[in-house]
file start.cif (mmCIF, C-alpha atoms)
data_protein
loop_
_atom_site.label_atom_id
_atom_site.label_comp_id
_atom_site.auth_asym_id
_atom_site.auth_seq_id
_atom_site.Cartn_x
_atom_site.Cartn_y
_atom_site.Cartn_z
CA MET A 285 202.50 103.77 94.15
CA ALA A 286 199.58 105.90 95.23
CA ARG A 287 198.34 109.06 93.49
CA LYS A 288 196.01 111.67 94.91
CA PRO A 289 194.52 114.76 93.22
CA PHE A 290 194.50 118.09 95.05
CA PRO A 291 192.23 120.60 93.29
CA THR A 292 193.23 124.21 93.94
CA ALA A 293 192.06 127.49 92.46
CA ASP A 294 195.14 127.74 90.22
CA ALA A 295 195.78 124.12 89.26
CA LEU A 296 194.91 120.48 89.74
CA ILE A 297 197.94 118.92 91.40
CA VAL A 298 198.22 115.13 91.44
CA VAL A 299 200.78 113.91 93.98
CA SER A 300 202.47 110.53 93.64
CA SER A 301 203.99 108.65 96.56
CA ASP A 302 206.92 107.82 94.23
CA GLY A 303 208.39 111.31 94.58
CA TYR A 304 206.77 113.54 92.00
CA PHE A 305 203.65 115.53 91.28
CA ASP A 306 201.85 116.50 88.09
CA VAL A 307 200.18 119.86 87.46
CA PHE A 308 197.14 120.23 85.22
CA PRO A 309 194.82 123.16 84.47
CA PRO A 310 192.09 123.49 87.13
CA ILE A 311 189.38 122.34 84.73
CA ASP A 312 187.95 118.96 83.78
CA ARG A 313 190.50 116.87 81.98
CA SER A 314 190.77 113.58 80.17
CA PRO A 315 192.69 110.76 81.89
CA ASN A 316 195.04 110.80 78.87
CA ASP A 317 195.99 114.50 79.19
CA LYS A 318 199.68 115.18 79.71
CA PRO A 319 200.57 117.39 82.67
CA ALA A 320 201.53 121.00 82.05
CA TYR A 321 204.32 120.57 84.61
CA ARG A 322 205.89 117.66 86.45
CA GLY A 323 207.63 118.48 89.71
CA VAL A 324 209.53 116.61 92.39
CA ILE A 325 208.33 116.27 95.97
CA ALA A 326 211.28 118.38 97.17
CA GLU A 327 209.63 121.41 95.52
CA LEU A 328 206.73 121.08 97.95
CA GLY A 329 209.06 121.56 100.91
CA PRO A 330 211.05 119.64 103.52
CA THR A 331 208.03 118.80 105.67
CA VAL A 332 206.76 116.25 103.12
CA ARG A 333 210.01 114.93 101.62
CA SER A 334 211.97 111.93 102.85
CA GLY A 335 215.71 111.38 102.57
CA ASP A 336 215.25 109.43 99.34
CA ASP A 337 213.18 112.25 97.78
CA ARG A 338 209.90 110.40 98.11
CA LEU A 339 206.79 111.42 99.97
CA SER A 340 207.33 111.14 103.73
CA VAL A 341 203.74 111.75 104.87
CA ARG A 342 200.40 110.10 104.22
CA MET A 343 198.30 111.33 101.31
CA ASP A 344 195.68 112.70 103.72
CA SER A 345 198.23 114.51 105.90
CA PRO A 346 197.50 118.15 106.75
CA LEU A 347 201.20 118.81 106.08
CA LEU A 348 200.82 117.60 102.49
CA ILE A 349 197.62 119.58 101.97
CA GLU A 350 199.36 122.72 103.26
CA ALA A 351 202.47 122.10 101.13
CA VAL A 352 200.45 121.54 97.94
CA SER A 353 198.24 124.58 98.60
CA GLY A 354 201.25 126.79 99.24
CA TRP A 355 203.06 125.61 96.13
CA SER A 356 199.94 126.16 94.05
CA LEU A 357 199.50 129.70 95.37
CA ARG A 358 203.11 130.55 94.54
CA ARG A 359 203.61 128.64 91.30
CA GLY A 360 200.45 126.83 90.17
CA ALA A 361 199.20 129.36 87.64
CA ALA A 362 202.70 129.81 86.17
CA ALA A 363 203.08 126.04 85.84
CA VAL A 364 199.75 125.75 84.01
CA ARG A 365 200.76 128.58 81.64
CA GLY A 366 204.03 126.80 80.85
CA GLU A 367 206.24 129.45 82.43
CA LEU A 368 208.12 126.87 84.53
CA GLY A 369 208.97 124.66 81.59
CA PHE A 370 207.93 121.03 81.80
CA GLY A 371 209.63 120.36 85.11
CA ARG A 372 211.54 117.19 85.88
CA ASN A 373 211.11 115.98 82.30
CA ASP A 374 212.98 118.07 79.75
CA SER A 375 210.54 117.46 76.92
CA LYS A 376 206.87 116.65 76.47
CA ASN A 377 207.65 113.44 74.56
#

call {"tool": "encode", "arguments": {"input": "start.cif", "output": "structure tokens"}}
result
Amino acid sequence: MARKPFPTADALIVVSSDGYFDVFPPIDRSPNDKPAYRGVIAELGPTVRSGDDRLSVRMDSPLLIEAVSGWSLRRGAAAVRGELGFGRNDSKN
């Protein structure tokens, strides 16, 4: 599994090749911080999702950068504020 951070103006989004991404506030954070939101790759769009709901492009792909940037513009701030719930996990446990 690979993970790559994508800093945006609204959020720090860390994408995992295993099919999910974590959203953190766009400020310095501790490695032990829990994400404000945990999404699935499908939320980023069909251009980066494979049939098994995992990442279908390389971590340095322009398609992934565009998908993450677009999602962050639309939903990043709301995710950081907690307005989207916790995402794919129902609780913060």

call {"tool": "atom_distance", "arguments": {"input": "start.cif", "atom1": "CA of Asp337 in chain A", "atom2": "CA of Glu367 in chain A"}}
result
24.1 Å

call {"tool": "resolve_selection", "arguments": {"input": "start.cif", "expression": "the PyMOL selection byres ((chain A and resi 298) around 12)", "output": "JSON, numbers by chain"}}
result
{"A": [286, 287, 288, 289, 290, 291, 292, 295, 296, 297, 299, 300, 301, 302, 303, 304, 305, 306, 307, 308, 309, 310, 315, 318, 319, 320, 321, 322, 323, 324, 325, 343, 348, 349, 352, 353, 356, 360]}

call {"tool": "atom_distance", "arguments": {"input": "start.cif", "atom1": "CA of Arg365 in chain A", "atom2": "CA of Arg333 in chain A"}}
result
25.9 Å

call {"tool": "closest_residue", "arguments": {"input": "start.cif", "among": "A:Asp317, A:Glu327, A:Asp312, A:Asp336", "to": "Trp355 in chain A", "atoms": "all atoms listed in the file"}}
result
A:Glu327

call {"tool": "axis_aligned_box", "arguments": {"input": "start.cif", "around": "range 290-309 of chain A", "padding_each_side": "6 Å", "output": "lines of an AutoDock Vina configuration file"}}
result
center_x = 200.2
center_y = 117.8
center_z = 90.5
size_x = 28.3
size_y = 31.9
size_z = 24.1

call {"tool": "atom_distance", "arguments": {"input": "start.cif", "atom1": "CA of Val341 in chain A", "atom2": "CA of Arg358 in chain A"}}
result
21.5 Å

call {"tool": "decode", "arguments": {"input": "start.cif", "residues": "range 291-330 of chain A", "atoms": "N, CA and C atoms", "output": "PDB file, in the first residue's frame"}}
result
ATOM      1  N   PRO A 291      -1.419  18.443  -0.504  1.00  0.00           N
ATOM      2  CA  PRO A 291      -1.839  19.653   0.202  1.00  0.00           C
ATOM      3  C   PRO A 291      -2.645  20.552  -0.736  1.00  0.00           C
ATOM      4  N   THR A 292      -3.794  20.997  -0.268  1.00  0.00           N
ATOM      5  CA  THR A 292      -4.621  21.943  -1.013  1.00  0.00           C
ATOM      6  C   THR A 292      -4.931  23.109  -0.086  1.00  0.00           C
ATOM      7  N   ALA A 293      -5.547  24.130  -0.611  1.00  0.00           N
ATOM      8  CA  ALA A 293      -5.880  25.301   0.204  1.00  0.00           C
ATOM      9  C   ALA A 293      -6.893  24.961   1.296  1.00  0.00           C
ATOM     10  N   ASP A 294      -7.785  24.013   1.021  1.00  0.00           N
ATOM     11  CA  ASP A 294      -8.865  23.702   1.958  1.00  0.00           C
ATOM     12  C   ASP A 294      -8.579  22.525   2.877  1.00  0.00           C
ATOM     13  N   ALA A 295      -7.667  21.652   2.474  1.00  0.00           N
ATOM     14  CA  ALA A 295      -7.440  20.434   3.255  1.00  0.00           C
ATOM     15  C   ALA A 295      -6.135  19.768   2.820  1.00  0.00           C
ATOM     16  N   LEU A 296      -5.633  18.923   3.695  1.00  0.00           N
ATOM     17  CA  LEU A 296      -4.540  18.022   3.344  1.00  0.00           C
ATOM     18  C   LEU A 296      -5.204  16.675   3.070  1.00  0.00           C
ATOM     19  N   ILE A 297      -5.083  16.189   1.861  1.00  0.00           N
ATOM     20  CA  ILE A 297      -5.721  14.930   1.481  1.00  0.00           C
ATOM     21  C   ILE A 297      -4.622  13.899   1.247  1.00  0.00           C
ATOM     22  N   VAL A 298      -4.730  12.794   1.972  1.00  0.00           N
ATOM     23  CA  VAL A 298      -3.736  11.721   1.866  1.00  0.00           C
ATOM     24  C   VAL A 298      -4.421  10.538   1.186  1.00  0.00           C
ATOM     25  N   VAL A 299      -3.983  10.234  -0.025  1.00  0.00           N
ATOM     26  CA  VAL A 299      -4.586   9.175  -0.830  1.00  0.00           C
ATOM     27  C   VAL A 299      -3.824   7.877  -0.620  1.00  0.00           C
ATOM     28  N   SER A 300      -4.579   6.791  -0.473  1.00  0.00           N
ATOM     29  CA  SER A 300      -4.008   5.459  -0.317  1.00  0.00           C
ATOM     30  C   SER A 300      -4.313   4.634  -1.566  1.00  0.00           C
ATOM     31  N   SER A 301      -3.362   3.871  -2.009  1.00  0.00           N
ATOM     32  CA  SER A 301      -3.585   2.996  -3.162  1.00  0.00           C
ATOM     33  C   SER A 301      -4.570   1.875  -2.850  1.00  0.00           C
ATOM     34  N   ASP A 302      -4.903   1.678  -1.578  1.00  0.00           N
ATOM     35  CA  ASP A 302      -5.843   0.629  -1.176  1.00  0.00           C
ATOM     36  C   ASP A 302      -7.306   1.012  -1.354  1.00  0.00           C
ATOM     37  N   GLY A 303      -7.595   2.216  -1.839  1.00  0.00           N
ATOM     38  CA  GLY A 303      -8.979   2.546  -2.147  1.00  0.00           C
ATOM     39  C   GLY A 303      -9.639   3.569  -1.256  1.00  0.00           C
ATOM     40  N   TYR A 304      -8.875   4.308  -0.486  1.00  0.00           N
ATOM     41  CA  TYR A 304      -9.475   5.344   0.342  1.00  0.00           C
ATOM     42  C   TYR A 304      -8.565   6.562   0.404  1.00  0.00           C
ATOM     43  N   PHE A 305      -9.095   7.626   0.978  1.00  0.00           N
ATOM     44  CA  PHE A 305      -8.286   8.810   1.236  1.00  0.00           C
ATOM     45  C   PHE A 305      -8.710   9.413   2.559  1.00  0.00           C
ATOM     46  N   ASP A 306      -7.770  10.055   3.226  1.00  0.00           N
ATOM     47  CA  ASP A 306      -8.014  10.719   4.499  1.00  0.00           C
ATOM     48  C   ASP A 306      -7.909  12.223   4.297  1.00  0.00           C
ATOM     49  N   VAL A 307      -8.750  12.961   5.029  1.00  0.00           N
ATOM     50  CA  VAL A 307      -8.768  14.418   4.932  1.00  0.00           C
ATOM     51  C   VAL A 307      -8.420  15.000   6.298  1.00  0.00           C
ATOM     52  N   PHE A 308      -7.442  15.894   6.303  1.00  0.00           N
ATOM     53  CA  PHE A 308      -6.988  16.569   7.511  1.00  0.00           C
ATOM     54  C   PHE A 308      -7.072  18.074   7.300  1.00  0.00           C
ATOM     55  N   PRO A 309      -7.091  18.845   8.369  1.00  0.00           N
ATOM     56  CA  PRO A 309      -7.000  20.310   8.211  1.00  0.00           C
ATOM     57  C   PRO A 309      -5.709  20.669   7.469  1.00  0.00           C
ATOM     58  N   PRO A 310      -5.718  21.793   6.743  1.00  0.00           N
ATOM     59  CA  PRO A 310      -4.545  22.155   5.931  1.00  0.00           C
ATOM     60  C   PRO A 310      -3.431  22.813   6.731  1.00  0.00           C
ATOM     61  N   ILE A 311      -3.206  22.337   7.931  1.00  0.00           N
ATOM     62  CA  ILE A 311      -2.167  22.884   8.803  1.00  0.00           C
ATOM     63  C   ILE A 311      -1.241  21.755   9.222  1.00  0.00           C
ATOM     64  N   ASP A 312      -0.137  22.084   9.847  1.00  0.00           N
ATOM     65  CA  ASP A 312       0.763  21.044  10.339  1.00  0.00           C
ATOM     66  C   ASP A 312       0.002  20.117  11.275  1.00  0.00           C
ATOM     67  N   ARG A 313       0.323  18.848  11.184  1.00  0.00           N
ATOM     68  CA  ARG A 313      -0.364  17.871  12.021  1.00  0.00           C
ATOM     69  C   ARG A 313       0.626  16.855  12.546  1.00  0.00           C
ATOM     70  N   SER A 314       0.220  16.171  13.585  1.00  0.00           N
ATOM     71  CA  SER A 314       1.008  15.095  14.155  1.00  0.00           C
ATOM     72  C   SER A 314       0.724  13.813  13.361  1.00  0.00           C
ATOM     73  N   PRO A 315       1.691  12.930  13.240  1.00  0.00           N
ATOM     74  CA  PRO A 315       1.447  11.662  12.547  1.00  0.00           C
ATOM     75  C   PRO A 315       0.350  10.824  13.205  1.00  0.00           C
ATOM     76  N   ASN A 316       0.037  11.098  14.471  1.00  0.00           N
ATOM     77  CA  ASN A 316      -0.985  10.342  15.191  1.00  0.00           C
ATOM     78  C   ASN A 316      -2.375  10.945  15.094  1.00  0.00           C
ATOM     79  N   ASP A 317      -2.523  12.111  14.428  1.00  0.00           N
ATOM     80  CA  ASP A 317      -3.836  12.742  14.297  1.00  0.00           C
ATOM     81  C   ASP A 317      -4.778  11.855  13.492  1.00  0.00           C
ATOM     82  N   LYS A 318      -6.038  11.805  13.941  1.00  0.00           N
ATOM     83  CA  LYS A 318      -7.057  11.084  13.191  1.00  0.00           C
ATOM     84  C   LYS A 318      -7.604  12.003  12.099  1.00  0.00           C
ATOM     85  N   PRO A 319      -7.971  11.432  10.960  1.00  0.00           N
ATOM     86  CA  PRO A 319      -8.511  12.277   9.894  1.00  0.00           C
ATOM     87  C   PRO A 319      -9.875  12.846  10.274  1.00  0.00           C
ATOM     88  N   ALA A 320     -10.173  14.016   9.732  1.00  0.00           N
ATOM     89  CA  ALA A 320     -11.492  14.614   9.926  1.00  0.00           C
ATOM     90  C   ALA A 320     -12.533  13.867   9.097  1.00  0.00           C
ATOM     91  N   TYR A 321     -12.085  13.289   7.995  1.00  0.00           N
ATOM     92  CA  TYR A 321     -12.980  12.574   7.083  1.00  0.00           C
ATOM     93  C   TYR A 321     -12.177  11.489   6.400  1.00  0.00           C
ATOM     94  N   ARG A 322     -12.819  10.363   6.146  1.00  0.00           N
ATOM     95  CA  ARG A 322     -12.184   9.267   5.418  1.00  0.00           C
ATOM     96  C   ARG A 322     -13.108   8.879   4.267  1.00  0.00           C
ATOM     97  N   GLY A 323     -12.629   9.099   3.050  1.00  0.00           N
ATOM     98  CA  GLY A 323     -13.447   8.831   1.869  1.00  0.00           C
ATOM     99  C   GLY A 323     -12.962   7.627   1.093  1.00  0.00           C
ATOM    100  N   VAL A 324     -13.744   7.257   0.097  1.00  0.00           N
ATOM    101  CA  VAL A 324     -13.377   6.160  -0.794  1.00  0.00           C
ATOM    102  C   VAL A 324     -12.977   6.745  -2.148  1.00  0.00           C
ATOM    103  N   ILE A 325     -12.101   6.058  -2.843  1.00  0.00           N
ATOM    104  CA  ILE A 325     -11.571   6.540  -4.114  1.00  0.00           C
ATOM    105  C   ILE A 325     -12.698   6.893  -5.087  1.00  0.00           C
ATOM    106  N   ALA A 326     -13.795   6.172  -5.052  1.00  0.00           N
ATOM    107  CA  ALA A 326     -14.917   6.453  -5.956  1.00  0.00           C
ATOM    108  C   ALA A 326     -15.398   7.899  -5.837  1.00  0.00           C
ATOM    109  N   GLU A 327     -15.261   8.505  -4.658  1.00  0.00           N
ATOM    110  CA  GLU A 327     -15.678   9.899  -4.470  1.00  0.00           C
ATOM    111  C   GLU A 327     -14.837  10.865  -5.303  1.00  0.00           C
ATOM    112  N   LEU A 328     -13.620  10.460  -5.642  1.00  0.00           N
ATOM    113  CA  LEU A 328     -12.742  11.321  -6.427  1.00  0.00           C
ATOM    114  C   LEU A 328     -13.089  11.306  -7.911  1.00  0.00           C
ATOM    115  N   GLY A 329     -13.875  10.320  -8.336  1.00  0.00           N
ATOM    116  CA  GLY A 329     -14.327  10.268  -9.715  1.00  0.00           C
ATOM    117  C   GLY A 329     -13.906   9.009 -10.445  1.00  0.00           C
ATOM    118  N   PRO A 330     -14.562   8.740 -11.567  1.00  0.00           N
ATOM    119  CA  PRO A 330     -14.312   7.503 -12.315  1.00  0.00           C
ATOM    120  C   PRO A 330     -12.964   7.459 -13.024  1.00  0.00           C
TER     121      PRO A 330
END
